[in-house]
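Asks: File protein_33.pdb below, PDB, C-alpha atoms, pLDDT in the B column:
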ATOM      1  CA  MET A   1       0.000   0.000   0.000  1.00 89.00           C
ATOM      2  CA  TYR A   2       2.788   2.431   0.930  1.00 94.00           C
ATOM      3  CA  ARG A   3       4.762   1.658  -2.225  1.00 91.00           C
ATOM      4  CA  GLN A   4       1.763   2.270  -4.513  1.00 88.00           C
ATOM      5  CA  PHE A   5       0.003   5.222  -2.882  1.00 93.00           C
ATOM      6  CA  GLY A   6       1.425   6.334   0.450  1.00 96.00           C
ATOM      7  CA  LYS A   7       4.900   7.230  -0.731  1.00 97.00           C
ATOM      8  CA  ARG A   8       3.619   9.531  -3.485  1.00 97.00           C
ATOM      9  CA  ALA A   9       1.029  11.100  -1.164  1.00 97.00           C
ATOM     10  CA  LEU A  10       3.749  11.887   1.402  1.00 97.00           C
ATOM     11  CA  ASP A  11       5.960  13.299  -1.359  1.00 98.00           C
ATOM     12  CA  ILE A  12       3.228  15.672  -2.560  1.00 98.00           C
ATOM     13  CA  LEU A  13       2.275  16.776   0.949  1.00 98.00           C
ATOM     14  CA  GLY A  14       5.879  17.138   2.125  1.00 97.00           C
ATOM     15  CA  ALA A  15       7.043  19.031  -0.969  1.00 98.00           C
ATOM     16  CA  ALA A  16       4.066  21.404  -0.874  1.00 98.00           C
ATOM     17  CA  ILE A  17       4.637  22.179   2.812  1.00 98.00           C
ATOM     18  CA  ALA A  18       8.415  22.522   2.383  1.00 97.00           C
ATOM     19  CA  LEU A  19       8.076  24.835  -0.630  1.00 98.00           C
ATOM     20  CA  THR A  20       5.627  27.020   1.291  1.00 97.00           C
ATOM     21  CA  ILE A  21       7.705  27.223   4.462  1.00 98.00           C
ATOM     22  CA  LEU A  22      11.040  27.571   2.658  1.00 98.00           C
ATOM     23  CA  SER A  23       9.880  30.080   0.024  1.00 97.00           C
ATOM     24  CA  PRO A  24      11.629  33.059   1.740  1.00 98.00           C
ATOM     25  CA  LEU A  25      14.873  31.058   1.918  1.00 97.00           C
ATOM     26  CA  LEU A  26      14.507  29.950  -1.711  1.00 98.00           C
ATOM     27  CA  LEU A  27      14.031  33.570  -2.779  1.00 98.00           C
ATOM     28  CA  ALA A  28      17.056  34.702  -0.744  1.00 97.00           C
ATOM     29  CA  LEU A  29      19.227  31.946  -2.235  1.00 97.00           C
ATOM     30  CA  ALA A  30      18.074  32.778  -5.781  1.00 96.00           C
ATOM     31  CA  ILE A  31      19.000  36.426  -5.211  1.00 96.00           C
ATOM     32  CA  GLY A  32      22.330  35.358  -3.726  1.00 96.00           C
ATOM     33  CA  VAL A  33      23.172  33.305  -6.814  1.00 95.00           C
ATOM     34  CA  ARG A  34      22.292  36.210  -9.127  1.00 94.00           C
ATOM     35  CA  LEU A  35      24.351  38.703  -7.107  1.00 94.00           C
ATOM     36  CA  SER A  36      27.390  36.416  -6.857  1.00 92.00           C
ATOM     37  CA  SER A  37      27.645  35.273 -10.461  1.00 88.00           C
ATOM     38  CA  PRO A  38      26.248  36.383 -13.823  1.00 89.00           C
ATOM     39  CA  GLY A  39      23.582  34.114 -15.283  1.00 90.00           C
ATOM     40  CA  PRO A  40      20.375  32.477 -14.120  1.00 93.00           C
ATOM     41  CA  SER A  41      19.773  31.419 -10.511  1.00 94.00           C
ATOM     42  CA  LEU A  42      18.594  27.953 -11.464  1.00 95.00           C
ATOM     43  CA  PHE A  43      20.537  25.255 -13.226  1.00 92.00           C
ATOM     44  CA  GLN A  44      18.576  22.629 -15.130  1.00 94.00           C
ATOM     45  CA  GLN A  45      20.030  19.399 -16.436  1.00 94.00           C
ATOM     46  CA  ALA A  46      18.682  16.263 -18.098  1.00 96.00           C
ATOM     47  CA  ARG A  47      18.578  13.326 -15.709  1.00 97.00           C
ATOM     48  CA  VAL A  48      17.238   9.804 -15.938  1.00 97.00           C
ATOM     49  CA  GLY A  49      14.191   9.079 -13.837  1.00 96.00           C
ATOM     50  CA  ARG A  50      11.668   6.334 -13.310  1.00 96.00           C
ATOM     51  CA  TYR A  51      11.542   3.680 -16.045  1.00 96.00           C
ATOM     52  CA  GLY A  52      14.495   5.372 -17.768  1.00 95.00           C
ATOM     53  CA  GLN A  53      12.500   8.485 -18.729  1.00 97.00           C
ATOM     54  CA  THR A  54      14.484  11.715 -18.813  1.00 97.00           C
ATOM     55  CA  PHE A  55      13.415  14.853 -16.979  1.00 98.00           C
ATOM     56  CA  ARG A  56      14.943  18.257 -16.181  1.00 97.00           C
ATOM     57  CA  ILE A  57      16.325  18.443 -12.647  1.00 97.00           C
ATOM     58  CA  CYS A  58      16.359  21.864 -10.968  1.00 97.00           C
ATOM     59  CA  LYS A  59      19.157  23.099  -8.722  1.00 96.00           C
ATOM     60  CA  PHE A  60      20.527  26.419  -7.626  1.00 96.00           C
ATOM     61  CA  ARG A  61      23.496  27.184  -9.847  1.00 93.00           C
ATOM     62  CA  SER A  62      26.748  26.832  -7.898  1.00 88.00           C
ATOM     63  CA  MET A  63      29.101  26.814 -10.912  1.00 86.00           C
ATOM     64  CA  PRO A  64      29.724  29.450 -13.576  1.00 82.00           C
ATOM     65  CA  ALA A  65      26.888  29.665 -16.123  1.00 78.00           C
ATOM     66  CA  ASP A  66      29.110  28.467 -18.983  1.00 75.00           C
ATOM     67  CA  THR A  67      30.273  25.241 -17.257  1.00 74.00           C
ATOM     68  CA  ARG A  68      29.981  22.214 -19.563  1.00 64.00           C
ATOM     69  CA  ASP A  69      27.290  19.638 -18.868  1.00 61.00           C
ATOM     70  CA  ALA A  70      28.911  16.678 -17.090  1.00 54.00           C
ATOM     71  CA  ALA A  71      28.931  14.914 -13.735  1.00 55.00           C
ATOM     72  CA  SER A  72      30.617  17.149 -11.170  1.00 54.00           C
ATOM     73  CA  ASP A  73      33.330  14.559 -10.483  1.00 54.00           C
ATOM     74  CA  GLN A  74      34.217  14.639 -14.217  1.00 53.00           C
ATOM     75  CA  LEU A  75      34.501  18.406 -14.557  1.00 50.00           C
ATOM     76  CA  GLY A  76      37.995  18.779 -13.218  1.00 53.00           C
ATOM     77  CA  GLU A  77      38.924  22.083 -11.635  1.00 62.00           C
ATOM     78  CA  VAL A  78      35.999  24.531 -11.756  1.00 64.00           C
ATOM     79  CA  HIS A  79      36.362  27.910 -10.113  1.00 72.00           C
ATOM     80  CA  LEU A  80      33.457  28.237  -7.694  1.00 79.00           C
ATOM     81  CA  ARG A  81      32.681  31.623  -6.250  1.00 82.00           C
ATOM     82  CA  PRO A  82      32.287  31.748  -2.450  1.00 87.00           C
ATOM     83  CA  PHE A  83      28.479  31.664  -2.607  1.00 91.00           C
ATOM     84  CA  GLY A  84      28.599  28.634  -4.921  1.00 89.00           C
ATOM     85  CA  LYS A  85      30.916  26.858  -2.471  1.00 89.00           C
ATOM     86  CA  PHE A  86      28.506  27.664   0.340  1.00 91.00           C
ATOM     87  CA  LEU A  87      25.570  26.251  -1.642  1.00 93.00           C
ATOM     88  CA  ARG A  88      27.487  23.057  -2.411  1.00 88.00           C
ATOM     89  CA  ARG A  89      28.836  22.483   1.102  1.00 87.00           C
ATOM     90  CA  SER A  90      25.455  23.120   2.724  1.00 89.00           C
ATOM     91  CA  ASN A  91      23.528  21.132   0.067  1.00 90.00           C
ATOM     92  CA  LEU A  92      21.157  24.090  -0.284  1.00 94.00           C
ATOM     93  CA  ASP A  93      21.712  23.929  -4.045  1.00 95.00           C
ATOM     94  CA  GLU A  94      19.420  20.867  -3.997  1.00 96.00           C
ATOM     95  CA  LEU A  95      16.328  22.666  -2.604  1.00 97.00           C
ATOM     96  CA  PRO A  96      14.749  23.461  -6.016  1.00 98.00           C
ATOM     97  CA  GLN A  97      14.327  19.706  -6.438  1.00 98.00           C
ATOM     98  CA  LEU A  98      11.299  20.078  -4.155  1.00 98.00           C
ATOM     99  CA  TYR A  99       9.598  21.295  -7.338  1.00 98.00           C
ATOM    100  CA  ASN A 100      10.697  18.077  -9.110  1.00 98.00           C
ATOM    101  CA  ILE A 101       9.194  16.083  -6.232  1.00 98.00           C
ATOM    102  CA  LEU A 102       5.907  17.984  -6.430  1.00 97.00           C
ATOM    103  CA  ARG A 103       5.756  17.407 -10.216  1.00 97.00           C
ATOM    104  CA  GLY A 104       6.299  13.673  -9.782  1.00 97.00           C
ATOM    105  CA  ASP A 105       9.746  13.532 -11.413  1.00 97.00           C
ATOM    106  CA  MET A 106      11.342  12.635  -8.088  1.00 98.00           C
ATOM    107  CA  SER A 107      10.645  11.431  -4.553  1.00 98.00           C
ATOM    108  CA  PHE A 108      12.184  12.482  -1.253  1.00 98.00           C
ATOM    109  CA  ILE A 109      13.840   9.058  -0.913  1.00 97.00           C
ATOM    110  CA  GLY A 110      15.122   6.928  -3.809  1.00 97.00           C
ATOM    111  CA  PRO A 111      18.188   6.378  -5.976  1.00 96.00           C
ATOM    112  CA  ARG A 112      19.756   9.720  -6.937  1.00 95.00           C
ATOM    113  CA  PRO A 113      18.936  10.582 -10.565  1.00 96.00           C
ATOM    114  CA  SER A 114      21.816   9.856 -12.894  1.00 94.00           C
ATOM    115  CA  LEU A 115      22.977  11.614 -16.023  1.00 95.00           C
ATOM    116  CA  PRO A 116      22.059   9.939 -19.329  1.00 96.00           C
ATOM    117  CA  SER A 117      25.808   9.524 -19.958  1.00 94.00           C
ATOM    118  CA  GLN A 118      26.210   7.289 -16.875  1.00 94.00           C
ATOM    119  CA  THR A 119      25.364   4.214 -18.921  1.00 95.00           C
ATOM    120  CA  ASP A 120      27.125   1.693 -16.643  1.00 95.00           C
ATOM    121  CA  LEU A 121      25.101   2.822 -13.627  1.00 95.00           C
ATOM    122  CA  LEU A 122      21.873   2.915 -15.632  1.00 96.00           C
ATOM    123  CA  GLU A 123      22.368  -0.629 -16.927  1.00 96.00           C
ATOM    124  CA  LEU A 124      23.038  -1.931 -13.415  1.00 96.00           C
ATOM    125  CA  ARG A 125      19.935  -0.127 -12.105  1.00 96.00           C
ATOM    126  CA  LYS A 126      17.872  -1.616 -14.923  1.00 96.00           C
ATOM    127  CA  GLN A 127      19.067  -5.106 -13.951  1.00 96.00           C
ATOM    128  CA  ASN A 128      18.313  -4.711 -10.231  1.00 96.00           C
ATOM    129  CA  GLY A 129      14.974  -2.897 -10.497  1.00 95.00           C
ATOM    130  CA  ALA A 130      16.148   0.492  -9.248  1.00 96.00           C
ATOM    131  CA  LEU A 131      14.989   2.183 -12.476  1.00 96.00           C
ATOM    132  CA  GLU A 132      11.417   1.299 -11.489  1.00 96.00           C
ATOM    133  CA  CYS A 133      11.657   3.794  -8.605  1.00 95.00           C
ATOM    134  CA  ARG A 134      11.292   7.535  -8.750  1.00 97.00           C
ATOM    135  CA  PRO A 135      14.746   8.996  -8.154  1.00 97.00           C
ATOM    136  CA  GLY A 136      15.228  10.658  -4.794  1.00 97.00           C
ATOM    137  CA  LEU A 137      16.506  13.821  -3.225  1.00 96.00           C
ATOM    138  CA  THR A 138      18.472  11.431  -1.029  1.00 95.00           C
ATOM    139  CA  GLY A 139      18.840   7.683  -0.966  1.00 95.00           C
ATOM    140  CA  LEU A 140      20.385   4.624   0.584  1.00 94.00           C
ATOM    141  CA  ALA A 141      23.572   4.987  -1.494  1.00 93.00           C
ATOM    142  CA  GLN A 142      23.996   8.616  -0.380  1.00 90.00           C
ATOM    143  CA  VAL A 143      23.737   7.841   3.343  1.00 92.00           C
ATOM    144  CA  ASN A 144      26.267   5.039   2.869  1.00 89.00           C
ATOM    145  CA  SER A 145      28.474   6.947   0.446  1.00 81.00           C
ATOM    146  CA  PHE A 146      32.186   7.414   0.339  1.00 71.00           C
ATOM    147  CA  ASP A 147      34.417   9.248  -2.096  1.00 68.00           C
ATOM    148  CA  GLY A 148      34.891   7.350  -5.312  1.00 76.00           C
ATOM    149  CA  MET A 149      31.962   4.954  -4.838  1.00 86.00           C
ATOM    150  CA  SER A 150      31.826   2.812  -7.965  1.00 91.00           C
ATOM    151  CA  ALA A 151      28.712   2.432 -10.106  1.00 93.00           C
ATOM    152  CA  LYS A 152      28.576  -1.224  -9.038  1.00 95.00           C
ATOM    153  CA  VAL A 153      28.517  -0.405  -5.319  1.00 94.00           C
ATOM    154  CA  LYS A 154      26.091   2.500  -5.796  1.00 94.00           C
ATOM    155  CA  SER A 155      23.729   0.343  -7.836  1.00 95.00           C
ATOM    156  CA  ARG A 156      23.868  -2.377  -5.181  1.00 95.00           C
ATOM    157  CA  PHE A 157      22.525   0.117  -2.608  1.00 96.00           C
ATOM    158  CA  ASP A 158      19.960   1.364  -5.160  1.00 96.00           C
ATOM    159  CA  GLY A 159      18.760  -2.189  -5.852  1.00 96.00           C
ATOM    160  CA  GLN A 160      18.572  -2.941  -2.140  1.00 96.00           C
ATOM    161  CA  TYR A 161      16.388   0.148  -1.686  1.00 97.00           C
ATOM    162  CA  ALA A 162      14.166  -0.737  -4.667  1.00 96.00           C
ATOM    163  CA  THR A 163      13.383  -4.209  -3.343  1.00 96.00           C
ATOM    164  CA  ASN A 164      12.735  -3.018   0.225  1.00 96.00           C
ATOM    165  CA  ILE A 165      10.654   0.148  -0.154  1.00 96.00           C
ATOM    166  CA  SER A 166       8.706   0.771   3.038  1.00 96.00           C
ATOM    167  CA  LEU A 167       7.720   3.686   5.238  1.00 97.00           C
ATOM    168  CA  TRP A 168      10.151   2.475   7.893  1.00 97.00           C
ATOM    169  CA  ASN A 169      13.094   2.275   5.474  1.00 96.00           C
ATOM    170  CA  ASP A 170      12.289   5.776   4.144  1.00 97.00           C
ATOM    171  CA  ILE A 171      12.235   7.110   7.725  1.00 97.00           C
ATOM    172  CA  VAL A 172      15.616   5.500   8.426  1.00 96.00           C
ATOM    173  CA  VAL A 173      17.162   7.028   5.277  1.00 96.00           C
ATOM    174  CA  ALA A 174      15.610  10.426   6.089  1.00 96.00           C
ATOM    175  CA  PHE A 175      17.092  10.433   9.611  1.00 95.00           C
ATOM    176  CA  LYS A 176      20.489   9.281   8.340  1.00 94.00           C
ATOM    177  CA  THR A 177      20.356  12.132   5.816  1.00 92.00           C
ATOM    178  CA  LEU A 178      19.562  14.633   8.585  1.00 90.00           C
ATOM    179  CA  GLY A 179      22.523  13.253  10.544  1.00 88.00           C
ATOM    180  CA  TYR A 180      24.761  13.715   7.518  1.00 82.00           C
ATOM    181  CA  LEU A 181      23.522  17.274   6.977  1.00 80.00           C
ATOM    182  CA  ALA A 182      24.103  18.105  10.666  1.00 81.00           C
ATOM    183  CA  LYS A 183      27.824  17.330  10.334  1.00 77.00           C
ATOM    184  CA  PRO A 184      30.106  20.284   9.705  1.00 71.00           C
ATOM    185  CA  PRO A 185      30.680  20.715   5.966  1.00 59.00           C
ATOM    186  CA  PRO A 186      34.025  19.526   4.591  1.00 58.00           C
ATOM    187  CA  THR A 187      36.651  22.150   3.952  1.00 57.00           C
ATOM    188  CA  TYR A 188      38.195  22.330   0.514  1.00 50.00           C
TER     189      TYR A 188
END
Translate this structure into structure tokens?

Replies:
Amino acid sequence: MYRQFGKRALDILGAAIALTILSPLLLALAIGVRLSSPGPSLFQQARVGRYGQTFRICKFRSMPADTRDAASDQLGEVHLRPFGKFLRRSNLDELPQLYNILRGDMSFIGPRPSLPSQTDLLELRKQNGALECRPGLTGLAQVNSFDGMSAKVKSRFDGQYATNISLWNDIVVAFKTLGYLAKPPPTY
């Protein structure tokens, strides 16, 4: 019951409440991006969602507007302005994804949406059923992550999540995410 109806109902309710409560913060962050760097406040990028369908993910732009479209770990050295670094370290750049959750592109909890170019990860997710889930703002792989996690390891966590979707497991991932966010941000 939760997998079919409850999860989506909680996503809609939670995203609507969060967008309402956080709207002043979202506005302040959008203004901060515009004042710190020329270009739009939001960054949109094609990502792969449920059943392999692509959608446009929304984030606050933390990189220069002319940065090429690639996974952040494949970009090499990108000069981030101080406000962009702050957005990245605090994970506040992810807040516009509440809109993606409200639209139904994403869920609060699920495998993080991959780029279409991450074909190895997508194939592994297809094999283990993780592509049948809406991608999440956070997920089991993220709360168990480490630098340099391979596609194979990431997809193993994604598949584990996909086969064990429950309200309890989503609560556990949500609290682990809050614990991660409560840690002091890494220094670069």

Asks: Apply the PyMOL selection byres ((chain A and resi 100-116) around 6) to the displayed file and report the matching residues as a count of residues only.

Replies: 18

Asks: Do a neighbour search on A:Ser150 at 12 Å with all atoms listed in the file, toss out local chain neighbours closer than 2 positions, and write the hits as an MDAnalysis selection string.

Replies: chainID A and resid 118 120:121 124 141 145:148 152:157

Asks: Counting all atoms listed in the file, figure out which residue out of A:Ile165, A:Leu181, A:Val172, A:Ala30 gets nearest to A:Met1.

Replies: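 Nearest to A:Met1: A:Ile165.
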
Asks: For atom CA of A:Met149 and atom CA of A:Glu94, quote the distance in Å rounded to one decimal.

Replies: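 For atom CA of A:Met149 relative to atom CA of A:Glu94, the distance reads 20.3 Å.
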
Asks: Expand the PyMOL selection byres ((chain A and resi 79-85) around 10) into the explicit residue set it covers here, and present it as a list in words.

Replies: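 Residues picked by the PyMOL selection byres ((chain A and resi 79-85) around 10): Leu29, Gly32, Val33, Leu35, Ser36, Ser37, Phe60, Arg61, Ser62, Met63, Pro64, Thr67, Gly76, Glu77, Val78, Phe86, Leu87, Arg88, Arg89, Ser90, Asn91, Leu92, Asp93, Thr187 and Tyr188 of chain A.
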
Asks: For the file shown, what are the residues hit by the PyMOL selection byres ((chain A and resi 128) around 9), laid out as a list in words?

Replies: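 With the PyMOL selection byres ((chain A and resi 128) around 9) on this model, the match is Glu123, Leu124, Arg125, Lys126, Gln127, Gly129, Ala130, Leu131, Ser155, Arg156, Asp158, Gly159, Gln160, Ala162 and Thr163 of chain A.
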
Asks: How about saving the chosen residues, C-alpha atoms kept, as an mmCIF file, in the coordinates of the input?

Replies:
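Everything below was put into again31.cif:
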data_model
loop_
_atom_site.group_PDB
_atom_site.id
_atom_site.type_symbol
_atom_site.label_atom_id
_atom_site.label_comp_id
_atom_site.auth_asym_id
_atom_site.auth_seq_id
_atom_site.Cartn_x
_atom_site.Cartn_y
_atom_site.Cartn_z
ATOM 1 C CA GLU A 123 22.368 -0.629 -16.927
ATOM 2 C CA LEU A 124 23.038 -1.931 -13.415
ATOM 3 C CA ARG A 125 19.935 -0.127 -12.105
ATOM 4 C CA LYS A 126 17.872 -1.616 -14.923
ATOM 5 C CA GLN A 127 19.067 -5.106 -13.951
ATOM 6 C CA GLY A 129 14.974 -2.897 -10.497
ATOM 7 C CA ALA A 130 16.148 0.492 -9.248
ATOM 8 C CA LEU A 131 14.989 2.183 -12.476
ATOM 9 C CA SER A 155 23.729 0.343 -7.836
ATOM 10 C CA ARG A 156 23.868 -2.377 -5.181
ATOM 11 C CA ASP A 158 19.960 1.364 -5.160
ATOM 12 C CA GLY A 159 18.760 -2.189 -5.852
ATOM 13 C CA GLN A 160 18.572 -2.941 -2.140
ATOM 14 C CA ALA A 162 14.166 -0.737 -4.667
ATOM 15 C CA THR A 163 13.383 -4.209 -3.343
#

Asks: Could you check how far atom CA of A:Leu27 sits from atom CA of A:Leu10, in Å to one decimal?

Replies: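 Interatomic distance, atom CA of A:Leu27 to atom CA of A:Leu10: 24.4 Å.
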
Asks: Just give me the gap between atom CA of A:Ile17 and atom CA of A:Glu132 in Å, one decimal is fine.

Replies: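 Atom-to-atom, atom CA of A:Ile17 to atom CA of A:Glu132, that is 26.2 Å.
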
Asks: From the options A:Leu19, A:Cys133, A:Tyr161, A:Asn144, which residue's atoms come nearest to A:Gly179, counting all atoms listed in the file?

Replies: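 Residue with the minimum atom-to-atom distance to A:Gly179: A:Asn144.
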
Asks: A:Phe175, A:Leu122, A:Ser166, A:Ser41: which is nearest A:Gln53, counting all atoms listed in the file?

Replies: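 Among the listed residues, the smallest separation from A:Gln53 belongs to A:Leu122.
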
Asks: Determine the nearest neighbour of A:Gln4 from the options A:Ala151, A:Val143, A:Ala174, A:Leu167, counting only C-alpha atoms.

Replies: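 Comparing A:Ala151, A:Val143, A:Ala174, A:Leu167 against A:Gln4, the winner is A:Leu167.
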
Asks: Write stretch 129-152 of chain A as a PDB file, in the coordinates of the input, completed to N, CA and C atoms.

Replies:
ATOM      1  N   GLY A 129      16.294  -3.454 -10.778  1.00 95.00           N
ATOM      2  CA  GLY A 129      14.974  -2.897 -10.497  1.00 95.00           C
ATOM      3  C   GLY A 129      14.951  -1.477  -9.979  1.00 95.00           C
ATOM      4  N   ALA A 130      16.108  -0.865  -9.793  1.00 96.00           N
ATOM      5  CA  ALA A 130      16.148   0.492  -9.248  1.00 96.00           C
ATOM      6  C   ALA A 130      15.577   1.531 -10.209  1.00 96.00           C
ATOM      7  N   LEU A 131      15.565   1.237 -11.511  1.00 96.00           N
ATOM      8  CA  LEU A 131      14.989   2.183 -12.476  1.00 96.00           C
ATOM      9  C   LEU A 131      13.466   2.215 -12.406  1.00 96.00           C
ATOM     10  N   GLU A 132      12.870   1.295 -11.655  1.00 96.00           N
ATOM     11  CA  GLU A 132      11.417   1.299 -11.489  1.00 96.00           C
ATOM     12  C   GLU A 132      10.980   2.255 -10.382  1.00 96.00           C
ATOM     13  N   CYS A 133      11.942   2.845  -9.681  1.00 95.00           N
ATOM     14  CA  CYS A 133      11.657   3.794  -8.605  1.00 95.00           C
ATOM     15  C   CYS A 133      11.785   5.225  -9.119  1.00 95.00           C
ATOM     16  N   ARG A 134      11.020   6.122  -8.509  1.00 97.00           N
ATOM     17  CA  ARG A 134      11.292   7.535  -8.750  1.00 97.00           C
ATOM     18  C   ARG A 134      12.638   7.847  -8.106  1.00 97.00           C
ATOM     19  N   PRO A 135      13.479   8.624  -8.775  1.00 97.00           N
ATOM     20  CA  PRO A 135      14.746   8.996  -8.154  1.00 97.00           C
ATOM     21  C   PRO A 135      14.489   9.897  -6.949  1.00 97.00           C
ATOM     22  N   GLY A 136      15.434   9.934  -6.037  1.00 97.00           N
ATOM     23  CA  GLY A 136      15.228  10.658  -4.794  1.00 97.00           C
ATOM     24  C   GLY A 136      16.149  11.836  -4.569  1.00 97.00           C
ATOM     25  N   LEU A 137      15.696  12.711  -3.694  1.00 96.00           N
ATOM     26  CA  LEU A 137      16.506  13.821  -3.225  1.00 96.00           C
ATOM     27  C   LEU A 137      17.686  13.268  -2.424  1.00 96.00           C
ATOM     28  N   THR A 138      17.440  12.176  -1.735  1.00 95.00           N
ATOM     29  CA  THR A 138      18.472  11.431  -1.029  1.00 95.00           C
ATOM     30  C   THR A 138      18.131   9.953  -1.156  1.00 95.00           C
ATOM     31  N   GLY A 139      19.085   9.109  -0.836  1.00 95.00           N
ATOM     32  CA  GLY A 139      18.840   7.683  -0.966  1.00 95.00           C
ATOM     33  C   GLY A 139      19.782   6.852  -0.134  1.00 95.00           C
ATOM     34  N   LEU A 140      19.579   5.559  -0.194  1.00 94.00           N
ATOM     35  CA  LEU A 140      20.385   4.624   0.584  1.00 94.00           C
ATOM     36  C   LEU A 140      21.861   4.709   0.205  1.00 94.00           C
ATOM     37  N   ALA A 141      22.168   4.872  -1.076  1.00 93.00           N
ATOM     38  CA  ALA A 141      23.572   4.987  -1.494  1.00 93.00           C
ATOM     39  C   ALA A 141      24.201   6.261  -0.929  1.00 93.00           C
ATOM     40  N   GLN A 142      23.442   7.355  -0.859  1.00 90.00           N
ATOM     41  CA  GLN A 142      23.996   8.616  -0.380  1.00 90.00           C
ATOM     42  C   GLN A 142      24.318   8.555   1.115  1.00 90.00           C
ATOM     43  N   VAL A 143      23.461   7.901   1.904  1.00 92.00           N
ATOM     44  CA  VAL A 143      23.737   7.841   3.343  1.00 92.00           C
ATOM     45  C   VAL A 143      24.810   6.812   3.677  1.00 92.00           C
ATOM     46  N   ASN A 144      25.180   6.009   2.704  1.00 89.00           N
ATOM     47  CA  ASN A 144      26.267   5.039   2.869  1.00 89.00           C
ATOM     48  C   ASN A 144      27.446   5.372   1.966  1.00 89.00           C
ATOM     49  N   SER A 145      27.494   6.603   1.481  1.00 81.00           N
ATOM     50  CA  SER A 145      28.474   6.947   0.446  1.00 81.00           C
ATOM     51  C   SER A 145      29.873   7.181   0.996  1.00 81.00           C
ATOM     52  N   PHE A 146      30.796   7.083   0.094  1.00 71.00           N
ATOM     53  CA  PHE A 146      32.186   7.414   0.339  1.00 71.00           C
ATOM     54  C   PHE A 146      32.748   7.931  -0.972  1.00 71.00           C
ATOM     55  N   ASP A 147      33.814   8.688  -0.884  1.00 68.00           N
ATOM     56  CA  ASP A 147      34.417   9.248  -2.096  1.00 68.00           C
ATOM     57  C   ASP A 147      34.827   8.136  -3.047  1.00 68.00           C
ATOM     58  N   GLY A 148      34.492   8.315  -4.299  1.00 76.00           N
ATOM     59  CA  GLY A 148      34.891   7.350  -5.312  1.00 76.00           C
ATOM     60  C   GLY A 148      34.053   6.094  -5.347  1.00 76.00           C
ATOM     61  N   MET A 149      32.833   6.136  -4.806  1.00 86.00           N
ATOM     62  CA  MET A 149      31.962   4.954  -4.838  1.00 86.00           C
ATOM     63  C   MET A 149      31.740   4.548  -6.290  1.00 86.00           C
ATOM     64  N   SER A 150      31.978   3.302  -6.596  1.00 91.00           N
ATOM     65  CA  SER A 150      31.826   2.812  -7.965  1.00 91.00           C
ATOM     66  C   SER A 150      30.354   2.676  -8.335  1.00 91.00           C
ATOM     67  N   ALA A 151      30.085   2.636  -9.622  1.00 93.00           N
ATOM     68  CA  ALA A 151      28.712   2.432 -10.106  1.00 93.00           C
ATOM     69  C   ALA A 151      28.165   1.102  -9.586  1.00 93.00           C
ATOM     70  N   LYS A 152      29.008   0.105  -9.502  1.00 95.00           N
ATOM     71  CA  LYS A 152      28.576  -1.224  -9.038  1.00 95.00           C
ATOM     72  C   LYS A 152      28.109  -1.173  -7.581  1.00 95.00           C
TER      73      LYS A 152
END
